[in-house]
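First comes the structure, then the notes that go with it.
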Amino acid sequence: MEGDIAPLPQIVELAERYGAIMMLDDAHSSGVLGRNGRGTVDHYGLHGRVDIQVGTLSKAIGSLGGYVCGTRTLIEHLYHRVAACCIAAFEVLEKEPRLIERLWQNTRFFKSGLSRLGFNTGASETPITPVIVGKGDLAMRFSDELFKEGVFAQGIGYPTVPEAKSRIRTIVTATHSREQLQFALDVLEKVGKRLGII
Ligand SMILES: Cc1ncc(COP(=O)(O)O)c(C=O)c1O
């Protein structure tokens, strides 16, 4: 965020001293630092001392996607684990339709609760339900106050959405219990009233 370079030598030393795994997100340095843009590891000469490096191909490389570098064992593990996770997820979707039913039951419960309280949920027809509040600073304050009361809902403002449509974004899942959803509604009501949103 500041345009500074992470003190990687010191971080690597600490990781080595305490036996921690080092993972580096080099999104801003690939194509910028080091020989031919090899990145921060090359910039400091720390080859072989960072276990995992991730980065994006969407910045200096000018395309899309990302990369993960690590040992052959790690990469093989990721290949298999990612593929296995996807296959397992498709199996669950096919064999347990009850989960999707529960997702929609929870969604209807939460959306109707929000509407009853007088919140503006825009045009949402899916479990992703914005609560539109107007100005960006209000959305961020709303999000902060909710978090203090135990509810996480990310604040989103301009330029992601128009300034007058700033919002918090709520997402219901199949595994939320009714108690959890009711708790969120109660907190939303309390904080929404306190901030004059409803
Ligand atoms: C530190 C860092 N890592 C990763 C990313 C991900 O980039 P993208 O989603 O474009 O691949 C970003 C994007 O801004 C970033 O700043």
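All residue names refer to the structure tokens as shown: chains lettered A, B, ... in order, residues numbered from 1 in each chain, ligands numbered from 1 in order.
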For the contact check between chain A and ligand 1, emit one row per residue of chain A within 8 Å, containing the shortest atom pair and the distance in Å rounded to one decimal, counting only C-alpha atoms and all ligand atoms, chain then rising number order, as JSON lines.
{"residue": "A:Asp25", "atom": "CA", "partner": "ligand 1", "partner_atom_place_in_ligand_line": "3 (N)", "distance": 5.7}
{"residue": "A:Asp26", "atom": "CA", "partner": "ligand 1", "partner_atom_place_in_ligand_line": "1 (C)", "distance": 6.6}
{"residue": "A:Ala27", "atom": "CA", "partner": "ligand 1", "partner_atom_place_in_ligand_line": "3 (N)", "distance": 4.7}
{"residue": "A:His28", "atom": "CA", "partner": "ligand 1", "partner_atom_place_in_ligand_line": "1 (C)", "distance": 6.2}
{"residue": "A:Val54", "atom": "CA", "partner": "ligand 1", "partner_atom_place_in_ligand_line": "3 (N)", "distance": 7.9}
{"residue": "A:Gly55", "atom": "CA", "partner": "ligand 1", "partner_atom_place_in_ligand_line": "4 (C)", "distance": 5.9}
{"residue": "A:Thr56", "atom": "CA", "partner": "ligand 1", "partner_atom_place_in_ligand_line": "11 (O)", "distance": 4.4}
{"residue": "A:Leu57", "atom": "CA", "partner": "ligand 1", "partner_atom_place_in_ligand_line": "11 (O)", "distance": 6.2}
{"residue": "A:Ser58", "atom": "CA", "partner": "ligand 1", "partner_atom_place_in_ligand_line": "10 (O)", "distance": 4.8}
{"residue": "A:Lys59", "atom": "CA", "partner": "ligand 1", "partner_atom_place_in_ligand_line": "10 (O)", "distance": 6.7}
{"residue": "A:Leu64", "atom": "CA", "partner": "ligand 1", "partner_atom_place_in_ligand_line": "11 (O)", "distance": 6.5}
{"residue": "A:Gly65", "atom": "CA", "partner": "ligand 1", "partner_atom_place_in_ligand_line": "11 (O)", "distance": 5.4}
{"residue": "A:Gly66", "atom": "CA", "partner": "ligand 1", "partner_atom_place_in_ligand_line": "11 (O)", "distance": 5.5}
Problem set entry | Selection: 12 Å around region 78-95 of chain A, only C-alpha atoms, excl. self and same-chain fewer than 4 positions, as a ChimeraX atom specification | /A:52,67-74,99-101,174
For this session: Return as a ChimeraX atom specification the full set of residues in region 133-182 of chain A whose backbone-based DSSP assignment is helix (DSSP H, G or I).
Result: /A:136-148,163-165,178-182
Exercise. Looking only at the backbone, which of the residues in region 53-136 of chain A does DSSP tag as strand (DSSP E or B), as number ranges by chain?
Worked result: A: 53-56, 66-69, 120, 128-134
For this session: Using only C-alpha atoms, find the one residue out of A:Ser63, A:Leu117, A:Gly155, A:Gln10 that sits nearest to Arg169 (chain A).
Result: A:Gly155
Problem set entry | For Leu138 (chain A): contacts at 9 Å, only C-alpha atoms, fewer than 2 positions along chain excluded, given as JSON, numbers by chain | {"A": [133, 134, 135, 136, 140, 141, 142, 143, 155, 166, 167, 195, 197]}
Please dump the current selection as a PDB file, in the first residue's frame; keep C-alpha atoms.
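Once everything was written out, this is again-v8.pdb:
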ATOM      1  CA  VAL A 133     -27.318   2.613   2.936  1.00  0.00           C
ATOM      2  CA  GLY A 134     -26.281   5.518   0.665  1.00  0.00           C
ATOM      3  CA  LYS A 135     -22.970   7.245   1.360  1.00  0.00           C
ATOM      4  CA  GLY A 136     -19.665   5.380   1.520  1.00  0.00           C
ATOM      5  CA  MET A 140     -17.995   1.732   6.344  1.00  0.00           C
ATOM      6  CA  ARG A 141     -19.213   2.875   9.764  1.00  0.00           C
ATOM      7  CA  PHE A 142     -22.105   0.435   9.580  1.00  0.00           C
ATOM      8  CA  SER A 143     -19.669  -2.380   8.771  1.00  0.00           C
ATOM      9  CA  GLY A 155     -18.574  -2.319   3.558  1.00  0.00           C
ATOM     10  CA  SER A 166     -22.784   2.261  -0.905  1.00  0.00           C
ATOM     11  CA  ARG A 167     -23.636  -0.817   1.079  1.00  0.00           C
ATOM     12  CA  LEU A 195     -26.974   4.924  12.839  1.00  0.00           C
ATOM     13  CA  ILE A 197     -30.376   3.725   8.626  1.00  0.00           C
TER      14      ILE A 197
END
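Restricting the calculation to only C-alpha atoms, the smallest distance between Asp186 (chain A) and any of A:His43, A:Arg38, A:Arg116, A:Arg49 is found for A:Arg116.
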Exercise. Which residues come within 9 Å of Phe152 (chain A), counting only C-alpha atoms, excluding same-chain residues fewer than 5 positions away, as a count of residues only?
Worked result: 5
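The shortest atom-to-atom distance to Leu24 (chain A), with only C-alpha atoms taken into account, belongs to A:Gln53 out of A:Gln53, A:Ser177, A:Gln154, A:Thr126.
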